[in-house]
$ cat protein-v1.pdb   # PDB, C-alpha atoms
MODEL        1
ATOM      1  CA  MET A  19      24.838  -6.897   2.481
ATOM      2  CA  LYS A  20      22.645  -8.672   5.031
ATOM      3  CA  ASP A  21      24.655  -7.126   7.889
ATOM      4  CA  LEU A  22      24.205  -3.538   6.695
ATOM      5  CA  PRO A  23      21.763  -1.403   8.740
ATOM      6  CA  ILE A  24      18.296  -1.097   7.188
ATOM      7  CA  LEU A  25      15.433   1.139   8.343
ATOM      8  CA  ILE A  26      11.847   0.055   7.644
ATOM      9  CA  THR A  27       9.147   2.643   8.312
ATOM     10  CA  GLY A  28       5.550   1.549   8.805
ATOM     11  CA  ALA A  29       6.820  -1.682  10.382
ATOM     12  CA  GLY A  30       3.522  -2.215  12.187
ATOM     13  CA  GLY A  31       1.428  -1.723   9.047
ATOM     14  CA  MET A  32       0.288  -4.313   6.546
ATOM     15  CA  LEU A  33       3.137  -4.047   4.036
ATOM     16  CA  GLY A  34       5.757  -3.236   6.667
ATOM     17  CA  SER A  35       4.841  -6.252   8.813
ATOM     18  CA  HIS A  36       4.997  -8.682   5.910
ATOM     19  CA  LEU A  37       8.258  -7.101   4.745
ATOM     20  CA  VAL A  38       9.904  -7.451   8.160
ATOM     21  CA  GLU A  39       8.931 -11.119   8.229
ATOM     22  CA  ALA A  40      10.283 -11.667   4.700
ATOM     23  CA  LEU A  41      13.601  -9.945   5.439
ATOM     24  CA  SER A  42      13.990 -11.819   8.728
ATOM     25  CA  ARG A  43      13.405 -15.161   6.978
ATOM     26  CA  ALA A  44      16.022 -14.170   4.379
ATOM     27  CA  GLY A  45      18.632 -13.594   7.092
ATOM     28  CA  TYR A  46      18.495  -9.810   7.517
ATOM     29  CA  ARG A  47      18.893  -9.050  11.231
ATOM     30  CA  ASN A  48      20.317  -5.527  11.348
ATOM     31  CA  LEU A  49      16.862  -4.029  10.963
ATOM     32  CA  THR A  50      15.483  -0.937  12.646
ATOM     33  CA  LEU A  51      11.683  -0.928  12.733
ATOM     34  CA  ALA A  52       9.944   2.435  12.874
ATOM     35  CA  SER A  53       6.371   2.349  14.149
ATOM     36  CA  ARG A  54       3.905   4.639  15.855
ATOM     37  CA  GLN A  55       2.952   1.931  18.293
ATOM     38  CA  SER A  56       4.986  -0.503  20.347
ATOM     39  CA  PHE A  57       4.822  -4.240  19.732
ATOM     40  CA  GLU A  58       6.800  -7.259  20.822
ATOM     41  CA  THR A  59       9.837  -8.091  18.686
ATOM     42  CA  ASP A  60      13.434  -9.219  19.091
ATOM     43  CA  LEU A  61      14.522  -6.678  16.479
ATOM     44  CA  LYS A  62      15.320  -3.021  17.171
ATOM     45  CA  LEU A  63      12.046  -1.113  17.450
ATOM     46  CA  GLU A  64      11.916   2.695  17.425
ATOM     47  CA  VAL A  65       8.500   4.011  18.436
ATOM     48  CA  GLY A  66       7.647   7.551  17.390
ATOM     49  CA  ASP A  67       6.012   9.920  14.933
ATOM     50  CA  LEU A  68       7.680  10.412  11.548
ATOM     51  CA  LYS A  69       6.625  14.066  11.662
ATOM     52  CA  ASP A  70       8.949  14.511  14.660
ATOM     53  CA  TRP A  71      12.290  15.822  13.358
ATOM     54  CA  ASN A  72      14.286  14.520  16.330
ATOM     55  CA  TYR A  73      12.769  11.068  15.866
ATOM     56  CA  LEU A  74      13.793  11.086  12.196
ATOM     57  CA  LEU A  75      17.325  12.143  13.132
ATOM     58  CA  ARG A  76      17.592   9.188  15.488
ATOM     59  CA  ILE A  77      16.315   6.514  13.128
ATOM     60  CA  ILE A  78      17.995   7.659   9.876
ATOM     61  CA  GLU A  79      21.547   8.372  11.037
ATOM     62  CA  GLY A  80      23.928   5.551  10.147
ATOM     63  CA  LYS A  81      21.555   3.626   7.892
ATOM     64  CA  HIS A  82      22.630   2.022   4.638
ATOM     65  CA  THR A  83      19.112   1.575   3.231
ATOM     66  CA  ILE A  84      15.773   3.196   4.021
ATOM     67  CA  ILE A  85      12.606   1.379   2.990
ATOM     68  CA  HIS A  86       9.831   3.925   3.446
ATOM     69  CA  ALA A  87       6.671   1.814   3.639
ATOM     70  CA  ALA A  88       4.693   4.010   6.064
ATOM     71  CA  SER A  89       1.673   5.679   4.511
ATOM     72  CA  LYS A  90      -1.655   7.144   5.468
ATOM     73  CA  ILE A  91      -4.424   5.818   3.234
ATOM     74  CA  SER A  92      -7.692   7.686   2.819
ATOM     75  CA  TYR A  93      -9.769   8.846  -0.128
ATOM     76  CA  SER A  94     -11.783  11.376   1.847
ATOM     77  CA  ASP A  95     -11.354  15.095   1.221
ATOM     78  CA  LEU A  96     -11.639  15.582   4.988
ATOM     79  CA  ASP A  97      -8.248  13.912   5.392
ATOM     80  CA  PHE A  98      -6.411  15.942   2.748
ATOM     81  CA  ASP A  99      -4.289  17.979   5.181
ATOM     82  CA  ALA A 100      -3.389  14.871   7.199
ATOM     83  CA  LEU A 101      -2.485  12.999   4.006
ATOM     84  CA  MET A 102      -0.200  15.788   2.826
ATOM     85  CA  ALA A 103       1.504  15.906   6.236
ATOM     86  CA  GLU A 104       1.973  12.123   6.492
ATOM     87  CA  ASN A 105       2.744  11.265   2.868
ATOM     88  CA  THR A 106       4.411  14.400   1.469
ATOM     89  CA  LEU A 107       5.990  16.506   4.213
ATOM     90  CA  VAL A 108       7.400  13.455   5.989
ATOM     91  CA  MET A 109       8.945  12.322   2.706
ATOM     92  CA  ARG A 110      10.535  15.765   2.248
ATOM     93  CA  SER A 111      12.165  15.575   5.674
ATOM     94  CA  MET A 112      13.342  11.997   5.137
ATOM     95  CA  ILE A 113      14.956  12.844   1.808
ATOM     96  CA  ASP A 114      16.704  15.861   3.356
ATOM     97  CA  LEU A 115      18.150  13.730   6.149
ATOM     98  CA  ALA A 116      19.048  10.838   3.815
ATOM     99  CA  LEU A 117      21.087  13.309   1.754
ATOM    100  CA  GLU A 118      22.656  14.864   4.839
ATOM    101  CA  TYR A 119      23.692  11.488   6.254
ATOM    102  CA  ASP A 120      24.763  10.058   2.874
ATOM    103  CA  VAL A 121      22.329   7.130   2.986
ATOM    104  CA  PRO A 122      23.355   4.967  -0.015
ATOM    105  CA  ASN A 123      19.882   3.675  -0.937
ATOM    106  CA  PHE A 124      16.308   4.908  -0.503
ATOM    107  CA  VAL A 125      13.350   2.696  -1.467
ATOM    108  CA  TYR A 126      10.056   4.590  -1.556
ATOM    109  CA  ILE A 127       6.792   2.644  -1.660
ATOM    110  CA  SER A 128       4.277   4.800  -3.493
ATOM    111  CA  SER A 129       1.140   3.670  -5.381
ATOM    112  CA  THR A 130      -0.346   3.320  -8.834
ATOM    113  CA  SER A 131      -2.814   5.964  -7.590
ATOM    114  CA  THR A 132      -0.253   8.561  -8.704
ATOM    115  CA  LEU A 133      -0.379   7.516 -12.365
ATOM    116  CA  PHE A 134      -2.558   9.268 -14.921
ATOM    117  CA  ARG A 135      -5.752   7.294 -15.461
ATOM    118  CA  THR A 136      -8.535   8.275 -17.820
ATOM    119  CA  GLY A 137     -11.098   5.824 -16.461
ATOM    120  CA  ILE A 138     -11.215   3.847 -19.711
ATOM    121  CA  THR A 139      -9.271   0.654 -20.383
ATOM    122  CA  GLU A 140      -5.835   1.568 -21.664
ATOM    123  CA  SER A 141      -2.361   0.518 -20.657
ATOM    124  CA  ILE A 142      -0.814   2.594 -17.856
ATOM    125  CA  ASN A 143       2.962   2.460 -17.479
ATOM    126  CA  GLU A 144       5.725   4.262 -15.588
ATOM    127  CA  GLU A 145       5.677   7.095 -18.138
ATOM    128  CA  SER A 146       1.996   7.909 -17.604
ATOM    129  CA  THR A 147       2.152  11.523 -16.467
ATOM    130  CA  TRP A 148       0.271  12.962 -13.499
ATOM    131  CA  LYS A 149      -2.660  15.202 -14.480
ATOM    132  CA  SER A 150      -3.582  17.348 -11.478
ATOM    133  CA  LYS A 151      -6.842  18.610 -12.980
ATOM    134  CA  ILE A 152      -8.055  15.060 -13.580
ATOM    135  CA  GLN A 153      -6.268  13.045 -10.891
ATOM    136  CA  THR A 154      -7.905  14.536  -7.799
ATOM    137  CA  SER A 155      -7.823  11.708  -5.243
ATOM    138  CA  PRO A 156      -6.439  13.140  -1.967
ATOM    139  CA  TYR A 157      -4.388   9.991  -1.411
ATOM    140  CA  GLY A 158      -2.980   9.978  -4.952
ATOM    141  CA  THR A 159      -2.137  13.676  -4.686
ATOM    142  CA  SER A 160      -0.214  13.243  -1.440
ATOM    143  CA  LYS A 161       1.739  10.236  -2.726
ATOM    144  CA  PHE A 162       2.555  11.996  -6.008
ATOM    145  CA  TYR A 163       4.118  14.939  -4.218
ATOM    146  CA  GLY A 164       6.027  12.418  -2.126
ATOM    147  CA  GLU A 165       7.369  11.008  -5.406
ATOM    148  CA  LEU A 166       8.574  14.480  -6.371
ATOM    149  CA  GLU A 167      10.640  14.542  -3.179
ATOM    150  CA  TRP A 168      12.129  11.153  -4.107
ATOM    151  CA  ALA A 169      13.003  12.504  -7.585
ATOM    152  CA  ARG A 170      14.608  15.559  -5.977
ATOM    153  CA  GLY A 171      16.706  13.259  -3.830
ATOM    154  CA  LEU A 172      17.963  11.399  -6.898
ATOM    155  CA  ALA A 173      18.772  14.698  -8.630
ATOM    156  CA  GLU A 174      20.853  15.681  -5.596
ATOM    157  CA  GLY A 175      22.814  12.437  -5.516
ATOM    158  CA  LEU A 176      20.649   9.875  -3.721
ATOM    159  CA  ASN A 177      20.396   6.337  -5.079
ATOM    160  CA  GLY A 178      16.980   4.758  -4.941
ATOM    161  CA  HIS A 179      13.990   2.847  -6.194
ATOM    162  CA  LEU A 180      10.418   4.072  -6.559
ATOM    163  CA  LEU A 181       7.897   1.234  -6.338
ATOM    164  CA  LEU A 182       4.261   1.662  -7.352
ATOM    165  CA  PRO A 183       2.234  -1.368  -6.255
ATOM    166  CA  SER A 184      -1.367  -1.715  -7.354
ATOM    167  CA  VAL A 185      -3.910  -3.016  -4.806
ATOM    168  CA  ILE A 186      -1.948  -5.262  -2.439
ATOM    169  CA  ILE A 187      -3.403  -8.597  -1.325
ATOM    170  CA  PRO A 188      -2.061  -9.445   2.180
ATOM    171  CA  GLU A 189      -1.159 -12.964   3.258
ATOM    172  CA  HIS A 190      -2.777 -12.712   6.671
ATOM    173  CA  GLY A 191      -4.008 -10.186   9.199
ATOM    174  CA  PHE A 192      -5.291  -6.646   8.745
ATOM    175  CA  TYR A 193      -8.790  -7.834   7.925
ATOM    176  CA  HIS A 194     -10.265  -4.594   9.228
ATOM    177  CA  GLN A 195      -8.694  -2.313   6.624
ATOM    178  CA  ASN A 196      -8.075  -1.794   2.900
ATOM    179  CA  PHE A 197      -8.509  -5.033   0.921
ATOM    180  CA  GLY A 198      -9.491  -6.967   4.045
ATOM    181  CA  LYS A 199     -12.689  -4.922   4.374
ATOM    182  CA  ASN A 200     -14.103  -6.704   1.328
ATOM    183  CA  ILE A 201     -14.059 -10.073   3.131
ATOM    184  CA  LYS A 202     -16.044  -8.846   6.106
ATOM    185  CA  MET A 203     -18.443  -6.922   3.872
ATOM    186  CA  LEU A 204     -19.330 -10.003   1.815
ATOM    187  CA  GLU A 205     -19.477 -12.226   4.887
ATOM    188  CA  ASP A 206     -21.966  -9.788   6.436
ATOM    189  CA  GLY A 207     -24.349 -10.194   3.513
ATOM    190  CA  PHE A 208     -23.331  -7.703   0.834
ATOM    191  CA  GLU A 209     -24.465  -9.267  -2.461
ATOM    192  CA  HIS A 210     -23.104  -6.929  -5.141
ATOM    193  CA  TYR A 211     -19.891  -6.234  -7.015
ATOM    194  CA  PRO A 212     -18.629  -2.966  -8.574
ATOM    195  CA  SER A 213     -18.541  -2.692 -12.346
ATOM    196  CA  GLY A 214     -14.917  -1.622 -12.744
ATOM    197  CA  SER A 215     -11.548  -3.363 -12.929
ATOM    198  CA  GLY A 216      -8.020  -2.698 -11.766
ATOM    199  CA  GLY A 217      -4.619  -4.062 -10.888
ATOM    200  CA  PHE A 218      -3.663  -6.340  -7.987
ATOM    201  CA  VAL A 219      -0.466  -7.808  -6.554
ATOM    202  CA  ALA A 220       0.278 -10.238  -3.715
ATOM    203  CA  VAL A 221       2.207  -8.780  -0.772
ATOM    204  CA  SER A 222       4.656 -11.702  -0.986
ATOM    205  CA  ASP A 223       5.629 -10.578  -4.493
ATOM    206  CA  VAL A 224       6.188  -6.987  -3.356
ATOM    207  CA  CYS A 225       8.504  -8.351  -0.645
ATOM    208  CA  LYS A 226      10.381 -10.542  -3.148
ATOM    209  CA  ILE A 227      11.044  -7.544  -5.382
ATOM    210  CA  ILE A 228      12.350  -5.511  -2.430
ATOM    211  CA  LEU A 229      14.659  -8.408  -1.548
ATOM    212  CA  GLU A 230      16.003  -8.339  -5.105
ATOM    213  CA  ILE A 231      16.608  -4.602  -4.724
ATOM    214  CA  LEU A 232      18.578  -5.194  -1.527
ATOM    215  CA  GLU A 233      20.673  -7.758  -3.398
ATOM    216  CA  ASN A 234      21.431  -5.123  -6.079
ATOM    217  CA  LYS A 235      19.668  -7.128  -8.788
ATOM    218  CA  ILE A 236      17.294  -4.371  -9.963
ATOM    219  CA  PRO A 237      18.579  -1.087 -11.448
ATOM    220  CA  THR A 238      17.656   2.217  -9.825
ATOM    221  CA  GLY A 239      14.370   3.554 -11.144
ATOM    222  CA  LYS A 240      10.589   3.652 -11.055
ATOM    223  CA  TYR A 241       8.627   0.398 -11.277
ATOM    224  CA  ILE A 242       4.953  -0.556 -11.371
ATOM    225  CA  LEU A 243       4.324  -3.683  -9.290
ATOM    226  CA  ASN A 244       1.233  -5.339 -10.710
ATOM    227  CA  ALA A 245       0.524  -9.028 -11.155
ATOM    228  CA  GLU A 246      -2.805  -8.941 -13.001
ATOM    229  CA  ASN A 247      -5.523  -6.622 -14.210
ATOM    230  CA  ILE A 248      -8.882  -8.188 -13.386
ATOM    231  CA  SER A 249     -12.467  -7.114 -12.855
ATOM    232  CA  TYR A 250     -13.869  -6.408  -9.415
ATOM    233  CA  LYS A 251     -16.527  -8.964 -10.297
ATOM    234  CA  GLU A 252     -13.831 -11.668 -10.435
ATOM    235  CA  VAL A 253     -12.304 -10.411  -7.191
ATOM    236  CA  PHE A 254     -15.607 -10.417  -5.315
ATOM    237  CA  MET A 255     -16.623 -13.777  -6.776
ATOM    238  CA  THR A 256     -13.306 -15.293  -5.660
ATOM    239  CA  ILE A 257     -13.777 -13.988  -2.103
ATOM    240  CA  HIS A 258     -17.401 -15.130  -2.119
ATOM    241  CA  ARG A 259     -16.520 -18.687  -3.150
ATOM    242  CA  ALA A 260     -13.607 -18.885  -0.703
ATOM    243  CA  LEU A 261     -15.975 -17.935   2.113
ATOM    244  CA  GLY A 262     -18.284 -20.761   1.063
ATOM    245  CA  LEU A 263     -21.226 -18.446   0.389
ATOM    246  CA  ASN A 264     -24.001 -19.532  -1.954
ATOM    247  CA  THR A 265     -26.068 -16.372  -2.431
ATOM    248  CA  PRO A 266     -25.706 -14.935  -5.957
ATOM    249  CA  LEU A 267     -23.760 -11.732  -6.486
ATOM    250  CA  THR A 268     -25.242  -9.095  -8.785
ATOM    251  CA  PRO A 269     -23.840  -5.872 -10.302
ATOM    252  CA  LEU A 270     -23.990  -2.841  -8.023
ATOM    253  CA  LYS A 271     -26.548  -0.474  -9.522
ATOM    254  CA  GLN A 272     -25.222   2.991 -10.300
ATOM    255  CA  TRP A 273     -28.169   4.684  -8.569
ATOM    256  CA  LYS A 274     -27.463   2.792  -5.352
ATOM    257  CA  LEU A 275     -23.818   3.809  -5.444
ATOM    258  CA  SER A 276     -24.740   7.440  -6.168
ATOM    259  CA  LEU A 277     -27.224   7.438  -3.307
ATOM    260  CA  ALA A 278     -24.595   6.050  -0.925
ATOM    261  CA  VAL A 279     -22.145   8.756  -2.005
ATOM    262  CA  ILE A 280     -24.716  11.488  -1.349
ATOM    263  CA  PHE A 281     -25.731  10.034   2.017
ATOM    264  CA  ASN A 282     -22.148   9.576   3.177
ATOM    265  CA  GLY A 283     -21.252  13.049   1.934
ATOM    266  CA  ILE A 284     -23.970  14.529   4.144
ATOM    267  CA  GLN A 285     -22.692  12.486   7.096
ATOM    268  CA  GLU A 286     -19.154  13.727   6.521
ATOM    269  CA  LYS A 287     -20.276  17.341   6.556
ATOM    270  CA  LEU A 288     -22.433  16.894   9.649
ATOM    271  CA  PHE A 289     -20.093  14.783  11.758
ATOM    272  CA  ARG A 290     -16.699  15.638  10.195
ATOM    273  CA  LYS A 291     -15.838  11.938   9.990
ATOM    274  CA  SER A 292     -14.495  10.388   6.790
ATOM    275  CA  ASN A 293     -16.389   7.556   5.084
ATOM    276  CA  PHE A 294     -14.963   4.766   2.955
ATOM    277  CA  ILE A 295     -17.601   5.279   0.228
ATOM    278  CA  ASN A 296     -17.285   8.734  -1.311
ATOM    279  CA  LYS A 297     -17.003  10.342  -4.754
ATOM    280  CA  HIS A 298     -13.389   9.193  -5.161
ATOM    281  CA  THR A 299     -13.842   5.533  -4.211
ATOM    282  CA  ALA A 300     -17.095   5.391  -6.200
ATOM    283  CA  SER A 301     -15.297   6.664  -9.288
ATOM    284  CA  LEU A 302     -12.482   4.153  -8.826
ATOM    285  CA  SER A 303     -14.883   1.234  -8.387
ATOM    286  CA  THR A 304     -16.657   1.947 -11.678
ATOM    287  CA  SER A 305     -13.560   2.682 -13.783
ATOM    288  CA  ASN A 306     -11.358   0.258 -15.696
ATOM    289  CA  PHE A 307      -7.593   0.509 -15.233
ATOM    290  CA  GLU A 308      -4.946  -1.635 -16.891
ATOM    291  CA  TYR A 309      -1.372  -1.452 -15.572
ATOM    292  CA  ASP A 310       1.670  -2.491 -17.612
ATOM    293  CA  ASN A 311       4.200  -4.551 -15.607
ATOM    294  CA  ALA A 312       6.679  -5.077 -18.467
ATOM    295  CA  LYS A 313       9.445  -2.997 -16.883
ATOM    296  CA  ILE A 314       9.653  -4.931 -13.600
ATOM    297  CA  LEU A 315       9.406  -8.242 -15.473
ATOM    298  CA  GLN A 316      12.359  -7.171 -17.603
ATOM    299  CA  HIS A 317      14.580  -6.181 -14.679
ATOM    300  CA  SER A 318      13.684  -8.789 -12.017
ATOM    301  CA  GLN A 319      13.299 -12.534 -11.600
ATOM    302  CA  ILE A 320       9.735 -12.221 -10.263
ATOM    303  CA  LYS A 321       7.049 -14.659 -11.333
ATOM    304  CA  PHE A 322       3.879 -13.115 -10.016
ATOM    305  CA  LYS A 323       1.480 -15.210  -7.984
ATOM    306  CA  PRO A 324      -1.963 -15.515  -9.653
ATOM    307  CA  ILE A 325      -4.309 -13.072  -7.950
ATOM    308  CA  LYS A 326      -7.165 -15.519  -7.466
ATOM    309  CA  GLU A 327      -4.732 -17.830  -5.671
ATOM    310  CA  ALA A 328      -3.521 -14.971  -3.458
ATOM    311  CA  ILE A 329      -7.111 -14.029  -2.590
ATOM    312  CA  GLN A 330      -8.081 -17.608  -1.787
ATOM    313  CA  GLU A 331      -5.089 -18.003   0.539
ATOM    314  CA  TYR A 332      -5.905 -14.724   2.281
ATOM    315  CA  VAL A 333      -9.537 -15.707   2.851
ATOM    316  CA  GLN A 334      -8.464 -19.139   4.126
ATOM    317  CA  ASN A 335      -6.175 -17.452   6.657
ATOM    318  CA  TYR A 336      -9.030 -15.160   7.635
ATOM    319  CA  LEU A 337     -11.240 -18.153   8.378
ATOM    320  CA  LYS A 338      -8.461 -19.850  10.357
ATOM    321  CA  GLU A 339      -7.603 -16.776  12.397
ATOM    322  CA  LYS A 340     -11.104 -15.413  12.954
ATOM    323  CA  GLY A 341     -11.674 -14.882  16.645
ATOM    324  CA  ALA A 342      -8.218 -16.128  17.606
ATOM    325  CA  LYS A 343      -5.485 -14.104  19.258
ATOM    326  CA  TRP A 344      -2.693 -13.071  16.879
ATOM    327  CA  ASP A 345       0.425 -15.049  17.630
ATOM    328  CA  LYS A 346       3.022 -13.348  15.434
ATOM    329  CA  PRO A 347       4.917 -10.624  17.337
ATOM    330  CA  LEU A 348       5.680  -8.568  14.220
ATOM    331  CA  LEU A 349       2.043  -8.510  13.198
ATOM    332  CA  GLU A 350       0.213  -8.013  16.467
ATOM    333  CA  ILE A 351      -0.916  -4.492  15.578
ATOM    334  CA  HIS A 352      -4.220  -4.677  13.710
ATOM    335  CA  LYS A 353      -5.793  -1.300  14.384
ATOM    336  CA  PRO A 354      -7.636   0.980  11.932
ATOM    337  CA  ASP A 355      -4.846   3.604  11.863
ATOM    338  CA  SER A 356      -3.088   2.839   8.606
ATOM    339  CA  VAL A 357       0.068   4.770   9.465
ATOM    340  CA  ASN A 358       2.281   2.648  11.732
TER     341      ASN A 358
ENDMDL
END

$ encode --input "protein-v1.pdb" --output "structure tokens"
Amino acid sequence: MKDLPILITGAGGMLGSHLVEALSRAGYRNLTLASRQSFETDLKLEVGDLKDWNYLLRIIEGKHTIIHAASKISYSDLDFDALMAENTLVMRSMIDLALEYDVPNFVYISSTSTLFRTGITESINEESTWKSKIQTSPYGTSKFYGELEWARGLAEGLNGHLLLPSVIIPEHGFYHQNFGKNIKMLEDGFEHYPSGSGGFVAVSDVCKIILEILENKIPTGKYILNAENISYKEVFMTIHRALGLNTPLTPLKQWKLSLAVIFNGIQEKLFRKSNFINKHTASLSTSNFEYDNAKILQHSQIKFKPIKEAIQEYVQNYLKEKGAKWDKPLLEIHKPDSVN
């Protein structure tokens, strides 16, 4: 199995980079890495745009397994068209070509953002149905329609796995984006924490589950990947302590959050530039979500790493690597563009 050709999209992104390292350590060498930007590696690197049909033809033909980890992440309405193009239309084309070339296995990395969430604490599992009138996040919408393409592929004969990780904690790197932004924000003096809670998983555990899939140990299907459901207060406190900060953290007042949403909304309209804080991220930060991981625990050997431990290790690596040149060829891309 380790000699069969595997395609990994998003190989320069956070999940893709960690996954390439994990597969390489496990002895997988027949890897094709798809990335928008070139970087130094001794593996086969194909640089291009996944929206380019000819590029897709080149990288998909002859593959045994596709691991589609590339994704554009944004919660701004300004990016809706780009999200649909990157996360939905690309998936449609990839499924079409995987069927045409008889690719035996297709692993699609989606997100728990596609699951129906009421905003109150209740268990969310793989059967939680999408509610388009309630679930309006642009990112969640684009990933959900990508999932429909995956389901179509299975209906037409494709074999595959649909993985829905919650918020992923990296091991190192990518401190400028997604979860890494929280470290810099607190280090720069932010002294508040959001009132909500949600699910988290270490990137190393996501990689371990994908390795089990490649070893045919997990049945085809849809799986939530979530280690723990914890409050954002605990998350921020853990980062705060790991940074060695002594200033007290206090709850983020709702009026301050609402004011930031209004101010950033005006900026978006004036300058046509998306902001991290908007009505969608504000709603997420004040809601309480609880994800059920029973299905993946039943079908895999995974023992999830405690989230506080994963956060502490990530912050420690941040402190070690701060200001230093990155020395890992597979992870030398650390730019704000989240699609790699």

$ residues_near_point --input "protein-v1.pdb" --point "(5.9, 10.6, -1.8)" --cutoff "12 Å" --atoms "only C-alpha atoms" --output "ChimeraX atom specification"
/A:86-90,101-113,124-132,157-171,180-182

$ closest_atom_pairs --input "protein-v1.pdb" --of "range 207-269 of chain A" --to "range 40-52 of chain A" --cutoff "9 Å" --atoms "all atoms listed in the file" --output "CSV"
residue,atom,partner,partner_atom,distance
A:Ser222,CA,A:Ala40,CA,8.0
A:Cys225,CA,A:Ala40,CA,6.5
A:Lys226,CA,A:Ala40,CA,7.9
A:Leu229,CA,A:Leu41,CA,7.2

$ atom_distance --input "protein-v1.pdb" --atom1 "CA of Ile248 in chain A" --atom2 "CA of Gly28 in chain A"
28.2 Å

$ residues_around --input "protein-v1.pdb" --residues "range 203-214 of chain A" --least-positions-apart "4" --cutoff "8 Å" --atoms "only C-alpha atoms" --output "list in words"
Lys199, Ser249, Tyr250, Lys251, Phe254, Ile257, His258, Leu261, Leu263, Thr265, Pro266, Leu267, Thr268, Pro269, Leu270, Leu302, Ser303, Thr304, Ser305 and Asn306 of chain A

$ atom_distance --input "protein-v1.pdb" --atom1 "CA of Glu246 in chain A" --atom2 "CA of His317 in chain A"
17.7 Å

$ resolve_selection --input "protein-v1.pdb" --expression "the PyMOL selection byres ((chain A and resi 58-67) around 12)" --output "PyMOL selection string"
chain A and resi 23-30+35+38-39+41-42+46-57+68-78+88+103-104+108+344-351+357-358

$ residues_around --input "protein-v1.pdb" --residues "Asp120 in chain A" --least-positions-apart "6" --cutoff "9 Å" --atoms "all atoms listed in the file" --output "ChimeraX atom specification"
/A:79-82,175-176

$ write_last_selection --input "protein-v1.pdb" --atoms "C-alpha atoms" --output "compact mmCIF listing (two decimals), in the frame of the given file"
# COMPACT_ATOMS: atom_id res chain seq x y z
CA GLU A 79 21.55 8.37 11.04
CA GLY A 80 23.93 5.55 10.15
CA LYS A 81 21.56 3.63 7.89
CA HIS A 82 22.63 2.02 4.64
CA GLY A 175 22.81 12.44 -5.52
CA LEU A 176 20.65 9.88 -3.72

$ closest_residue --input "protein-v1.pdb" --among "A:Asn264, A:Asn311, A:Asn123, A:Asn247" --to "Pro324 in chain A" --atoms "all atoms listed in the file"
A:Asn247

$ closest_atom_pairs --input "protein-v1.pdb" --of "range 144-220 of chain A" --to "range 331-342 of chain A" --cutoff "12 Å" --atoms "only C-alpha atoms" --output "CSV"
residue,atom,partner,partner_atom,distance
A:Ile186,CA,A:Tyr332,CA,11.3
A:Ile187,CA,A:Tyr332,CA,7.5
A:Pro188,CA,A:Tyr332,CA,6.5
A:Glu189,CA,A:Tyr332,CA,5.2
A:His190,CA,A:Tyr332,CA,5.8
A:Gly191,CA,A:Tyr336,CA,7.2
A:Phe192,CA,A:Tyr336,CA,9.4
A:Tyr193,CA,A:Tyr336,CA,7.3
A:His194,CA,A:Tyr336,CA,10.8
A:Phe197,CA,A:Tyr332,CA,10.1
A:Gly198,CA,A:Tyr332,CA,8.7
A:Lys199,CA,A:Val333,CA,11.3
A:Asn200,CA,A:Val333,CA,10.2
A:Ile201,CA,A:Val333,CA,7.2
A:Lys202,CA,A:Tyr336,CA,9.6
A:Leu204,CA,A:Val333,CA,11.4
A:Glu205,CA,A:Val333,CA,10.7
A:Ala220,CA,A:Tyr332,CA,9.7

$ atom_distance --input "protein-v1.pdb" --atom1 "CA of Leu33 in chain A" --atom2 "CA of Val221 in chain A"
6.8 Å

$ resolve_selection --input "protein-v1.pdb" --expression "the PyMOL selection byres ((chain A and resi 321) around 12)" --output "VMD selection string"
chain A and resid 219 to 220 222 to 224 226 to 227 243 to 246 311 to 312 314 to 320 322 to 325

$ axis_aligned_box --input "protein-v1.pdb" --around "range 118-121 of chain A" --padding-each-side "6 Å" --output "lines of an AutoDock Vina configuration file"
center_x = 23.5
center_y = 11.0
center_z = 4.6
size_x = 14.4
size_y = 19.7
size_z = 15.4

$ decode --input "protein-v1.pdb" --residues "range 302-314 of chain A" --atoms "C-alpha atoms" --output "mmCIF file, in the first residue's frame"
data_model
loop_
_atom_site.group_PDB
_atom_site.id
_atom_site.type_symbol
_atom_site.label_atom_id
_atom_site.label_comp_id
_atom_site.auth_asym_id
_atom_site.auth_seq_id
_atom_site.Cartn_x
_atom_site.Cartn_y
_atom_site.Cartn_z
ATOM 1 C CA LEU A 302 -19.581 31.397 16.540
ATOM 2 C CA SER A 303 -17.525 32.842 19.398
ATOM 3 C CA THR A 304 -20.583 33.312 21.616
ATOM 4 C CA SER A 305 -22.291 29.986 20.848
ATOM 5 C CA ASN A 306 -21.804 26.622 22.531
ATOM 6 C CA PHE A 307 -21.248 23.578 20.322
ATOM 7 C CA GLU A 308 -20.721 20.003 21.461
ATOM 8 C CA TYR A 309 -19.519 17.442 18.904
ATOM 9 C CA ASP A 310 -19.979 13.686 19.325
ATOM 10 C CA ASN A 311 -16.861 11.668 18.389
ATOM 11 C CA ALA A 312 -18.323 8.231 19.194
ATOM 12 C CA LYS A 313 -18.301 7.019 15.586
ATOM 13 C CA ILE A 314 -14.582 7.571 14.937
#
